[in-house]
$ cat coords16.txt   # compact mmCIF, C-alpha atoms and all ligand atoms
# COMPACT_ATOMS: atom_id res chain seq x y z
CA MET M 652 -100.47 142.91 262.43
CA PHE M 653 -97.65 142.84 265.00
CA LYS M 654 -97.92 145.45 267.74
CA PRO M 655 -94.49 146.73 268.82
CA PRO M 656 -93.79 145.96 272.49
CA LYS M 657 -93.68 148.64 275.17
CA THR M 658 -90.43 147.27 276.60
CA ILE M 659 -87.86 144.61 275.83
CA LEU M 660 -84.78 143.36 277.66
CA ILE M 661 -81.52 142.68 275.85
CA THR M 662 -78.82 140.72 277.67
CA GLY M 663 -75.28 141.11 276.36
CA CYS M 664 -76.11 144.45 274.74
CA ALA M 665 -72.41 145.45 274.66
CA GLY M 666 -71.45 142.41 272.60
CA PHE M 667 -71.11 142.02 268.86
CA ILE M 668 -74.59 140.64 268.17
CA GLY M 669 -76.42 142.28 271.10
CA SER M 670 -75.22 145.78 270.15
CA ALA M 671 -76.12 145.29 266.46
CA PHE M 672 -79.55 144.05 267.53
CA LEU M 673 -80.01 147.03 269.85
CA LYS M 674 -79.16 149.49 267.07
CA LYS M 675 -81.49 147.91 264.52
CA PHE M 676 -84.30 147.48 267.05
CA LYS M 677 -84.18 151.17 268.00
CA GLU M 678 -84.39 152.16 264.34
CA LYS M 679 -87.26 149.81 263.61
CA PHE M 680 -89.26 150.29 266.82
CA PRO M 681 -88.39 153.78 268.10
CA GLU M 682 -91.34 153.80 270.54
CA THR M 683 -90.18 150.72 272.43
CA ASP M 684 -88.25 151.18 275.69
CA ILE M 685 -85.15 149.06 275.88
CA ALA M 686 -83.54 147.74 279.03
CA GLY M 687 -80.09 146.23 278.65
CA ILE M 688 -77.67 144.36 280.87
CA ASP M 689 -74.00 143.56 280.35
CA ASP M 690 -71.02 143.03 282.63
CA PHE M 691 -68.46 143.84 279.90
CA SER M 692 -66.68 140.55 280.35
CA THR M 693 -66.27 140.31 276.57
CA GLY M 694 -68.36 143.32 275.50
CA ARG M 695 -67.14 146.83 274.74
CA ARG M 696 -68.17 150.12 276.30
CA ASP M 697 -68.11 151.85 272.91
CA ALA M 698 -70.38 149.26 271.27
CA PHE M 699 -73.59 151.13 272.14
CA ASP M 700 -74.87 154.42 273.51
CA PRO M 701 -76.08 153.81 277.08
CA ALA M 702 -77.99 157.12 277.01
CA GLY M 703 -80.49 155.67 274.55
CA ILE M 704 -81.55 152.78 276.79
CA ARG M 705 -82.00 151.82 280.44
CA PHE M 706 -78.65 150.19 280.89
CA TYR M 707 -77.58 148.07 283.87
CA GLU M 708 -73.94 147.18 284.31
CA GLY M 709 -73.99 143.81 286.03
CA SER M 710 -74.18 140.09 285.63
CA ILE M 711 -77.03 137.88 284.50
CA LEU M 712 -76.00 135.71 287.47
CA ASP M 713 -77.18 138.43 289.88
CA GLY M 714 -80.74 137.35 290.68
CA ASP M 715 -81.52 140.45 292.77
CA LEU M 716 -80.46 142.74 289.95
CA LEU M 717 -82.57 140.75 287.49
CA ASP M 718 -85.57 141.01 289.83
CA LYS M 719 -85.08 144.76 289.96
CA ILE M 720 -84.82 145.07 286.17
CA PHE M 721 -87.82 142.85 285.46
CA ALA M 722 -89.98 144.51 288.15
CA LYS M 723 -89.13 148.02 287.02
CA HIS M 724 -89.32 147.56 283.24
CA ARG M 725 -91.71 144.62 282.83
CA PRO M 726 -90.18 143.53 279.50
CA GLU M 727 -92.51 141.73 277.12
CA TYR M 728 -89.67 140.03 275.23
CA VAL M 729 -86.24 138.93 276.40
CA PHE M 730 -83.46 138.63 273.83
CA HIS M 731 -80.75 136.64 275.52
CA PHE M 732 -77.35 137.21 273.87
CA ALA M 733 -75.14 137.33 276.99
CA ALA M 734 -72.62 134.51 277.14
CA LEU M 735 -68.95 133.64 277.35
CA PRO M 736 -69.05 132.55 273.77
CA ARG M 737 -65.76 131.10 272.60
CA VAL M 738 -65.35 127.35 272.09
CA SER M 739 -61.65 127.25 273.00
CA PHE M 740 -62.19 129.45 276.08
CA SER M 741 -64.81 126.97 277.28
CA VAL M 742 -62.37 124.10 276.77
CA GLU M 743 -60.02 125.92 279.17
CA HIS M 744 -62.77 127.03 281.59
CA PRO M 745 -65.65 124.52 281.60
CA TYR M 746 -67.07 125.47 285.01
CA LEU M 747 -66.88 129.24 284.63
CA THR M 748 -68.46 129.14 281.18
CA ASP M 749 -71.13 126.72 282.37
CA ARG M 750 -72.23 129.07 285.14
CA VAL M 751 -72.82 131.91 282.68
CA ASN M 752 -73.92 130.06 279.55
CA ALA M 753 -76.11 127.39 281.12
CA GLY M 754 -76.85 128.66 284.67
CA GLY M 755 -77.35 132.28 283.56
CA THR M 756 -79.88 131.13 280.99
CA VAL M 757 -81.88 129.16 283.59
CA LEU M 758 -81.92 132.16 285.94
CA LEU M 759 -83.19 134.43 283.16
CA LEU M 760 -85.84 131.86 282.27
CA GLU M 761 -86.97 131.80 285.92
CA LYS M 762 -87.33 135.58 285.96
CA SER M 763 -89.05 135.55 282.58
CA ARG M 764 -91.57 133.08 283.94
CA LYS M 765 -92.03 134.96 287.20
CA PHE M 766 -92.68 138.24 285.39
CA LYS M 767 -94.79 136.61 282.68
CA ILE M 768 -92.97 137.79 279.58
CA LYS M 769 -94.39 136.96 276.14
CA LYS M 770 -91.37 135.31 274.55
CA PHE M 771 -87.80 134.36 275.38
CA VAL M 772 -85.39 134.33 272.43
CA PHE M 773 -82.24 132.34 273.17
CA SER M 774 -78.98 132.63 271.22
CA SER M 775 -77.88 129.07 270.59
CA SER M 776 -75.17 127.90 268.24
CA SER M 777 -74.35 125.49 265.43
CA ALA M 778 -71.74 124.14 267.87
CA VAL M 779 -74.52 121.91 269.28
CA TYR M 780 -74.17 119.63 266.23
CA GLY M 781 -70.42 119.00 266.61
CA ARG M 782 -69.45 116.52 263.95
CA ALA M 783 -72.84 116.43 262.28
CA GLY M 784 -73.23 113.44 259.97
CA ASN M 785 -75.78 114.96 257.60
CA PHE M 786 -75.42 118.01 255.38
CA PRO M 787 -77.12 120.34 255.09
CA THR M 788 -77.81 119.79 258.79
CA GLU M 789 -81.42 119.79 259.92
CA GLU M 790 -82.42 120.67 263.45
CA ASN M 791 -83.36 117.06 264.25
CA ASN M 792 -79.83 115.89 263.49
CA GLU M 793 -78.23 114.15 266.46
CA LEU M 794 -76.55 116.64 268.81
CA HIS M 795 -72.94 115.80 269.52
CA PRO M 796 -71.19 118.46 271.62
CA LEU M 797 -67.42 118.63 271.15
CA SER M 798 -66.81 121.33 273.75
CA PRO M 799 -68.20 122.60 277.05
CA TYR M 800 -69.61 125.58 275.13
CA ALA M 801 -71.65 123.25 272.90
CA ALA M 802 -72.89 121.25 275.92
CA GLN M 803 -73.90 124.53 277.61
CA LYS M 804 -75.87 125.69 274.56
CA ILE M 805 -77.65 122.31 274.44
CA SER M 806 -78.48 122.73 278.12
CA GLY M 807 -79.85 126.25 277.45
CA GLU M 808 -82.00 124.92 274.61
CA ARG M 809 -83.35 122.06 276.74
CA TYR M 810 -84.28 124.49 279.51
CA CYS M 811 -86.01 126.76 277.02
CA ARG M 812 -88.11 123.87 275.77
CA LEU M 813 -88.77 122.67 279.31
CA PHE M 814 -89.98 126.12 280.39
CA SER M 815 -92.37 126.09 277.44
CA GLU M 816 -93.66 122.62 278.33
CA LEU M 817 -93.74 122.95 282.12
CA TYR M 818 -94.82 126.55 282.54
CA GLY M 819 -96.20 127.63 279.17
CA LEU M 820 -93.49 130.28 278.70
CA ASP M 821 -93.00 130.78 274.98
CA THR M 822 -89.34 130.30 274.04
CA VAL M 823 -87.25 129.73 270.95
CA SER M 824 -83.60 128.77 270.43
CA LEU M 825 -81.92 130.29 267.41
CA ARG M 826 -78.89 128.24 266.35
CA TYR M 827 -76.58 130.77 264.72
CA PHE M 828 -73.89 129.56 262.36
CA ASN M 829 -70.56 131.52 262.37
CA VAL M 830 -71.75 135.08 262.57
CA TYR M 831 -69.54 137.75 261.00
CA GLY M 832 -69.81 141.42 260.05
CA PRO M 833 -69.06 145.01 261.03
CA GLY M 834 -68.69 145.44 264.79
CA GLN M 835 -66.88 142.15 265.31
CA TYR M 836 -63.39 142.82 266.65
CA GLY M 837 -60.60 140.36 265.96
CA ASP M 838 -58.24 141.34 268.73
CA SER M 839 -58.82 138.55 271.25
CA PRO M 840 -57.02 135.19 271.15
CA TYR M 841 -60.48 133.63 270.79
CA SER M 842 -61.63 135.73 267.83
CA THR M 843 -63.38 134.04 264.94
CA VAL M 844 -61.64 133.64 261.62
CA ILE M 845 -62.86 136.56 259.49
CA ALA M 846 -62.45 139.16 262.22
CA ALA M 847 -59.09 137.73 263.32
CA TRP M 848 -57.65 137.73 259.80
CA LEU M 849 -58.88 141.24 259.03
CA GLU M 850 -57.47 142.45 262.34
CA SER M 851 -54.08 140.97 261.35
CA LEU M 852 -54.24 142.76 257.99
CA TYR M 853 -55.34 146.18 259.25
CA PHE M 854 -53.60 146.15 262.65
CA PRO M 855 -50.56 143.93 262.08
CA GLY M 856 -48.79 145.30 265.16
CA ARG M 857 -51.60 144.03 267.38
CA LYS M 858 -52.45 140.70 265.86
CA LYS M 859 -50.73 137.89 264.01
CA GLY M 860 -52.99 135.88 261.70
CA PHE M 861 -52.97 132.10 262.00
CA ILE M 862 -54.68 129.17 260.35
CA GLU M 863 -55.68 126.06 262.25
CA GLY M 864 -55.40 122.82 260.31
CA ASP M 865 -55.11 122.77 256.52
CA GLY M 866 -57.89 125.30 255.81
CA THR M 867 -60.13 122.80 254.04
CA GLN M 868 -62.60 122.93 256.94
CA SER M 869 -65.70 124.74 255.74
CA ARG M 870 -68.23 126.94 257.45
CA ASP M 871 -71.71 128.22 256.88
CA PHE M 872 -71.24 131.94 257.57
CA CYS M 873 -74.13 134.14 258.58
CA PHE M 874 -74.04 137.90 258.19
CA ILE M 875 -74.82 139.94 261.31
CA ALA M 876 -77.83 141.72 259.76
CA ASP M 877 -79.45 138.36 259.02
CA VAL M 878 -78.99 137.21 262.64
CA VAL M 879 -80.49 140.47 263.89
CA ASN M 880 -83.39 140.07 261.52
CA ALA M 881 -84.00 136.48 262.68
CA ASN M 882 -84.38 137.72 266.27
CA ILE M 883 -86.91 140.33 265.18
CA LEU M 884 -88.82 137.75 263.13
CA ALA M 885 -88.89 135.42 266.15
CA MET M 886 -90.50 138.19 268.20
CA GLU M 887 -93.00 139.01 265.45
CA SER M 888 -94.04 135.41 264.84
CA ASP M 889 -97.70 135.13 265.85
CA LYS M 890 -97.58 131.36 266.41
CA PRO M 891 -96.13 130.05 269.67
CA LEU M 892 -92.63 128.72 269.05
CA SER M 893 -92.83 126.43 272.11
CA GLY M 894 -89.12 125.84 272.59
CA ALA M 895 -88.33 125.11 268.92
CA ALA M 896 -84.68 125.09 267.84
CA ILE M 897 -84.15 126.86 264.52
CA ASN M 898 -81.02 127.09 262.36
CA ILE M 899 -80.07 130.64 261.41
CA ALA M 900 -77.42 130.66 258.71
CA GLY M 901 -76.52 131.63 255.19
CA GLY M 902 -77.40 128.14 253.97
CA TYR M 903 -74.15 127.39 252.09
CA ALA M 904 -70.61 126.44 253.08
CA ILE M 905 -67.31 128.03 252.16
CA SER M 906 -63.86 126.73 253.07
CA ILE M 907 -61.50 128.72 255.26
CA ASN M 908 -58.95 128.71 252.43
CA GLU M 909 -61.55 130.26 250.12
CA VAL M 910 -62.32 132.93 252.73
CA GLY M 911 -58.61 133.78 252.81
CA LYS M 912 -58.47 134.12 249.01
CA LYS M 913 -61.50 136.41 248.97
CA ILE M 914 -60.06 138.59 251.72
CA GLU M 915 -56.81 138.97 249.78
CA SER M 916 -58.65 139.71 246.56
CA PHE M 917 -61.04 142.31 248.11
CA THR M 918 -58.38 144.07 250.18
CA GLY M 919 -55.44 143.78 247.79
CA LYS M 920 -53.37 142.76 250.84
CA LYS M 921 -51.53 139.52 251.51
CA LEU M 922 -52.45 137.46 254.57
CA ASN M 923 -49.35 136.04 256.20
CA LEU M 924 -50.80 133.22 258.22
CA VAL M 925 -48.91 131.11 260.71
CA ASN M 926 -49.85 127.41 260.49
CA CYS M 927 -51.21 125.86 263.69
CA PRO M 928 -52.59 122.41 264.53
CA PRO M 929 -56.36 121.88 264.24
CA ARG M 930 -58.31 123.30 267.17
CA ILE M 931 -59.69 120.93 269.83
CA GLY M 932 -63.46 120.81 269.68
CA ASP M 933 -63.64 122.30 266.19
CA ALA M 934 -66.08 120.82 263.67
CA PRO M 935 -64.63 119.98 260.23
CA ARG M 936 -67.68 121.24 258.38
CA THR M 937 -70.89 123.17 259.02
CA VAL M 938 -73.72 123.85 256.64
CA ALA M 939 -77.29 124.44 257.70
CA ASP M 940 -80.64 123.43 256.37
CA ILE M 941 -82.57 126.67 256.88
CA SER M 942 -85.98 125.50 255.73
CA ARG M 943 -87.42 125.46 259.27
CA ALA M 944 -86.40 129.11 259.70
CA GLY M 945 -88.20 129.86 256.44
CA ALA M 946 -91.32 127.95 257.45
CA LEU M 947 -91.61 129.14 261.08
CA LEU M 948 -90.14 132.64 260.90
CA ASN M 949 -90.25 133.53 257.24
CA TYR M 950 -86.48 133.94 257.50
CA ARG M 951 -84.39 134.26 254.33
CA PRO M 952 -80.73 135.26 254.44
CA GLU M 953 -80.50 138.53 252.60
CA THR M 954 -76.77 139.16 252.40
CA LYS M 955 -74.54 137.24 249.98
CA PHE M 956 -71.16 136.25 251.42
CA ASP M 957 -69.11 138.51 249.12
CA ASP M 958 -71.27 141.54 249.99
CA GLY M 959 -71.12 140.82 253.71
CA LEU M 960 -67.36 140.38 253.53
CA LYS M 961 -66.95 143.67 251.66
CA GLN M 962 -69.04 145.51 254.28
CA THR M 963 -66.91 143.94 257.00
CA ILE M 964 -63.71 145.00 255.25
CA GLN M 965 -65.03 148.56 254.94
CA TRP M 966 -65.64 148.62 258.66
CA PHE M 967 -62.08 147.50 259.40
CA GLU M 968 -60.80 150.17 256.98
CA SER M 969 -62.83 152.85 258.77
CA ARG M 970 -61.41 151.71 262.14
CA GLY M 971 -57.92 152.01 260.71
CA LYS M 972 -58.60 155.66 259.84
CA SER M 973 -60.13 156.68 263.17
N1 LIG G 1 -70.65 135.25 267.08
C1 LIG G 1 -70.99 134.05 266.66
O1 LIG G 1 -70.49 133.57 265.63
C2 LIG G 1 -72.03 133.23 267.40
C3 LIG G 1 -72.42 132.00 266.85
C4 LIG G 1 -73.36 131.24 267.54
C5 LIG G 1 -73.92 131.70 268.72
N2 LIG G 1 -73.50 132.90 269.22
C6 LIG G 1 -74.12 133.34 270.48
O2 LIG G 1 -74.63 134.65 270.30
C7 LIG G 1 -74.55 135.38 271.53
C8 LIG G 1 -73.82 136.68 271.31
O3 LIG G 1 -72.50 136.39 270.81
P1 LIG G 1 -71.48 137.54 270.41
O4 LIG G 1 -70.70 137.04 269.25
O5 LIG G 1 -72.19 138.84 270.33
O6 LIG G 1 -70.51 137.50 271.67
P2 LIG G 1 -69.91 138.73 272.52
O7 LIG G 1 -68.84 138.14 273.37
O8 LIG G 1 -69.53 139.84 271.61
O9 LIG G 1 -71.16 139.18 273.38
C9 LIG G 1 -71.55 138.54 274.57
C10 LIG G 1 -71.90 139.64 275.57
O10 LIG G 1 -72.34 139.03 276.78
C11 LIG G 1 -71.76 139.76 277.86
N3 LIG G 1 -71.71 138.88 279.04
C12 LIG G 1 -70.94 137.79 279.24
N4 LIG G 1 -71.16 137.28 280.44
C13 LIG G 1 -72.10 138.06 281.05
C14 LIG G 1 -72.74 138.05 282.30
N5 LIG G 1 -72.46 137.10 283.23
N6 LIG G 1 -73.64 139.01 282.57
C15 LIG G 1 -73.93 139.99 281.66
N7 LIG G 1 -73.35 140.05 280.45
C16 LIG G 1 -72.44 139.10 280.15
C17 LIG G 1 -70.38 140.14 277.36
O11 LIG G 1 -69.77 141.19 278.10
C18 LIG G 1 -70.70 140.53 275.93
O12 LIG G 1 -71.05 141.89 275.80
C19 LIG G 1 -73.86 134.44 272.53
O13 LIG G 1 -74.84 133.79 273.29
C20 LIG G 1 -73.14 133.45 271.64
O14 LIG G 1 -72.94 132.22 272.28
C21 LIG G 1 -72.58 133.68 268.60
$ encode --input "coords16.txt" --output "structure tokens"
Amino acid sequence: MFKPPKTILITGCAGFIGSAFLKKFKEKFPETDIAGIDDFSTGRRDAFDPAGIRFYEGSILDGDLLDKIFAKHRPEYVFHFAALPRVSFSVEHPYLTDRVNAGGTVLLLEKSRKFKIKKFVFSSSSAVYGRAGNFPTEENNELHPLSPYAAQKISGERYCRLFSELYGLDTVSLRYFNVYGPGQYGDSPYSTVIAAWLESLYFPGRKKGFIEGDGTQSRDFCFIADVVNANILAMESDKPLSGAAINIAGGYAISINEVGKKIESFTGKKLNLVNCPPRIGDAPRTVADISRAGALLNYRPETKFDDGLKQTIQWFESRGKS
């Protein structure tokens, strides 16, 4: 029987996934103390209630601050969500994104080792596969980064495994595929497709919807609650995960054109998309083999795409009313 930890640390707790994880974790393990860190570079101040946790505004690149947080709170588990996470942003800023996404991960691993945490859960990405040749893609598929972001996630994964092998620190890399859901804003130029299109429908003054390429590219979308659950399952797993990389996804692909049709059908609104050339570094197709997640974590995606999309639409509608 899993014993809830006394304390955990969440990096990137003001971000889309980190804040959803924080909320669910508090509900599920109300006795656990939560320390969080975020520098708000892409996160939002209204994404979480800082009163409910020990929150530190600062960067994961600040080693002294990390020492202070680890020494004071002694987290048993570290959930590492903080990153500069957009593929196209990394194409424009390889060095800056490398410092945070790769270097920041190594620094957190060093502190996790120094303070002897139980497990380090790293947010990796399906981007590591690039143009994967085999579908559904298994974790042992060749890695072929098409962007600095993908190379940085591969680096983070390799360091996680190395820290397990060299120092016996238990780590795991969860490779999320295209996460979507309530709480994901679509207002940045780097927003992902579902959030960006819904933003253009509900806030047309703020955002123009666009489509890159011909829309036949397909994606394995993963609902936010399933990603949150995978992180909790990784913590609860009683076997050492020893640096394993594990796909976390819905396990089926849907084309971007099909996503557009569903959005129009569920909202009753017409998407007016501007056509743009295909994006540099974008993979034409992603679909995950999720059997390892089932075997190692007992993970099963619980939200069907249509249900997840409807919940996401409801959230955009509620924002429109507030
Ligand atoms: N959203 C997806 O589809 C997806 C897919 C695969 C992997 N991921 C990974 O999941 C994690 C969370 O992604 P997200 O979608 O919630 O992104 P997000 O941008 O919403 O959240 C990232 C958070 O990290 C914070 N951050 C960035 N740099 C920091 C720094 N130097 N110090 C402290 N905090 C910092 C940001 O302010 C933000 O709150 C990332 O590691 C991302 O690469 C996301």
$ residues_around --input "coords16.txt" --residues "Thr918 of chain M" --least-positions-apart "2" --cutoff "9 Å" --atoms "all atoms listed in the file" --output "ChimeraX atom specification"
/M:852,913-916,920-921,961,964
$ residues_around --input "coords16.txt" --residues "Ser893 of chain M" --least-positions-apart "4" --cutoff "7 Å" --atoms "only C-alpha atoms" --output "PyMOL selection string"
chain M and resi 812+815+821-823
$ residues_near_ligand --input "coords16.txt" --ligand "ligand LIG 1 (chain G)" --cutoff "7 Å" --atoms "only C-alpha atoms and all ligand atoms" --output "PyMOL selection string"
chain M and resi 662-669+688-695+709-712+731-736+751+755+774-777+826-831
$ closest_residue --input "coords16.txt" --among "M:Val878, M:Leu820, M:Val938, M:Leu758" --to "Asp713 of chain M" --atoms "only C-alpha atoms"
M:Leu758
$ residues_around --input "coords16.txt" --residues "His744 of chain M" --least-positions-apart "5" --cutoff "9 Å" --atoms "all atoms listed in the file" --output "PyMOL selection string"
chain M and resi 739+749+799
$ atom_distance --input "coords16.txt" --atom1 "atom CA of Tyr950 of chain M" --atom2 "atom CA of Phe653 of chain M"
16.1 Å
$ closest_residue --input "coords16.txt" --among "M:Arg930, M:Lys679, M:Arg970, M:Lys890" --to "Ile862 of chain M" --atoms "all atoms listed in the file"
M:Arg930
$ axis_aligned_box --input "coords16.txt" --around "segment 779-787 of chain M" --padding-each-side "5 Å" --output "lines of an AutoDock Vina configuration file"
center_x = -73.3
center_y = 117.7
center_z = 262.2
size_x = 17.7
size_y = 18.5
size_z = 24.2
$ atom_distance --input "coords16.txt" --atom1 "atom CA of Asp933 of chain M" --atom2 "atom CA of Gly945 of chain M"
27.5 Å
$ residues_near_point --input "coords16.txt" --point "(-63.6, 127.9, 277.4)" --cutoff "12 Å" --atoms "only C-alpha atoms" --output "MDAnalysis selection string"
chainID M and resid 734:752 797:803 840:841 931:932
$ closest_residue --input "coords16.txt" --among "M:Asn923, M:Thr937, M:Ser888, M:Thr954" --to "Lys769 of chain M" --atoms "only C-alpha atoms"
M:Ser888
$ closest_residue --input "coords16.txt" --among "M:Lys859, M:Arg725, M:Arg943, M:Arg870" --to "Ser763 of chain M" --atoms "only C-alpha atoms"
M:Arg725
$ atom_distance --input "coords16.txt" --atom1 "atom CA of Phe872 of chain M" --atom2 "atom CA of Gly959 of chain M"
9.7 Å
$ residues_around --input "coords16.txt" --residues "Asp700 of chain M" --least-positions-apart "6" --cutoff "10 Å" --atoms "only C-alpha atoms" --output "PyMOL selection string"
chain M and resi 665+670+673-674+706
